[in-house]
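First the structure, in the form of structure tokens, and then the observations on it.
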Amino acid sequence: MLKRKARLVAHEAHRKTGRLLDIGTGTGYFADTMNRAGWQVEAVEKNAGARVFAKEHFGLEVKPDTALKDFEPGSFDVITLWHVMEHLEVLNGTWETLNSLLTDKGVLIVAVPNCSSYDARKYGAYWAAYDVPRHLWHFTPATIQKLGSRHGFILAERHPMPFDAFYVSMLTEKNMRRSCPFLRGMVVGTLAWFHALVRKERSSSMIYVFRKKKSEKTVE
């Protein structure tokens, strides 16, 4: 998965190296992967224990999330948030910051659960990826596109994450205390996977690639 993410970043950014900011880096596995690939990586993480782990295991100087305000505008070619957007306490303000921190040709890559997915519709309120109260926001492909547009971004690409359905479905079955949760989850996950093959917007989770809107210059 880490190598797949690294390939996706290079493909969407149209470059093999550059300046990358990973928000909500957790214990630093992705940031370390990009470091090793030759990227100049900055990483922020709210959890102090995770920051310590990243330092001890990868030598990463991960900053607290409050450090976002300390970066200069236009500092990054790529900003990534892997299943972080749904946790943000300040949603709109963060999007404004993301726009400011990216270069004009920069790329924003966001992965979030998809509450219009097959498995979300199958389980309804029991869907584990709602994860209340830890998940503060829930997105469909349409709503996150509108959110990005509101803050100066255009949606350039969508990539499905269909295999997330297996884990989410098994966890949902377990939370519902149903018999054979692993087997039941595998069945639903398989159905969800096939649905995502036909219509990727039905994938359990989605990766969205945003680019900054080009500023309109007035010709006098």
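Chain identifiers are assigned as A, B, and so on, following the order in which chains appear in the structure tokens; residues are numbered from 1 within each chain, and ligands are numbered from 1 in order of appearance.
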
(request) Enumerate, as a ChimeraX atom specification, the complete set of residues in segment 47-188 of chain A that a backbone-based DSSP assignment places in strand (DSSP E). (result) /A:76-82,102-113,153-161

(message) Which residues are close to segment 27-36 of chain A, i.e. within 12 Å by only C-alpha atoms, leaving aside same-chain residues fewer than 3 positions away? Reply as a count of residues only.
(response) 49

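The smallest atom-to-atom distance between His159 of chain A and any of A:Val110, A:Ala142, A:Leu183, A:Ala13, using only C-alpha atoms, is found for A:Val110.
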
Please return as a CSV table (one decimal) with C-alpha atoms, in the first residue's frame: the residues of segment 33-111 of chain A that backbone DSSP assigns to alpha helix (DSSP H).
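Result written to states_29.csv:
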```csv
chain,number,residue,atom,x,y,z
A,33,THR,CA,8.6,6.0,2.3
A,34,MET,CA,8.5,9.3,0.5
A,35,ASN,CA,11.7,10.4,2.2
A,36,ARG,CA,13.4,7.3,1.0
A,48,ALA,CA,2.3,13.1,20.7
A,49,GLY,CA,3.0,9.4,21.1
A,50,ALA,CA,2.8,8.8,17.3
A,51,ARG,CA,5.3,11.7,16.8
A,52,VAL,CA,7.7,10.0,19.3
A,53,PHE,CA,7.4,6.7,17.4
A,54,ALA,CA,8.2,8.4,14.1
A,55,LYS,CA,11.2,10.0,15.6
A,56,GLU,CA,12.5,6.8,17.2
A,57,HIS,CA,11.9,4.4,14.3
A,58,PHE,CA,12.4,6.7,11.3
A,91,LEU,CA,-12.7,21.9,8.2
A,92,ASN,CA,-13.1,25.0,6.1
A,93,GLY,CA,-10.2,26.8,7.7
A,94,THR,CA,-8.0,23.9,7.0
A,95,TRP,CA,-9.0,23.9,3.3
A,96,GLU,CA,-8.0,27.6,3.1
A,97,THR,CA,-4.6,26.7,4.6
A,98,LEU,CA,-4.1,23.9,2.2
A,99,ASN,CA,-4.7,26.2,-0.8
A,100,SER,CA,-2.3,28.7,0.6
A,101,LEU,CA,0.5,26.2,1.3
```

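Among the candidates A:Ala129, A:Ala196, A:Val168, A:Ala111, the one nearest to Val209 of chain A when counting only C-alpha atoms is A:Ala111.
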
(message) From the options A:Gly124, A:Gly189, A:Pro64, A:Gly148, which residue's atoms come nearest to Gly26 of chain A, counting only C-alpha atoms?
(response) A:Pro64

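Across A:Ala125, A:Val84, A:Thr103, A:Lys214, the tightest approach to Ser149 of chain A is made by A:Lys214 when counting only C-alpha atoms.
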
(request) Pick out the residues sitting within 7 Å of Thr140 of chain A, and hand them over as an MDAnalysis selection string; count only C-alpha atoms, and ignore anything fewer than 3 positions along from it in its own chain. (result) chainID A and resid 114:116 143:144

Export of the given selection (C-alpha atoms) as a compact mmCIF listing (two decimals), in the first residue's frame:
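Okay, result.txt is ready:
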```txt
# COMPACT_ATOMS: atom_id res chain seq x y z
CA ASN A 114 -17.33 7.20 0.99
CA CYS A 115 -20.72 7.30 2.68
CA SER A 116 -22.48 6.67 -0.64
CA THR A 143 -19.93 16.77 -1.50
CA ILE A 144 -16.14 16.68 -1.35
```

(request) Give me the residues within 6 Å of Ser205 of chain A as a list in words, counting only C-alpha atoms and dropping any in the same chain fewer than 6 places off. (result) Val112, Pro113, Asn114 and Met161 of chain A
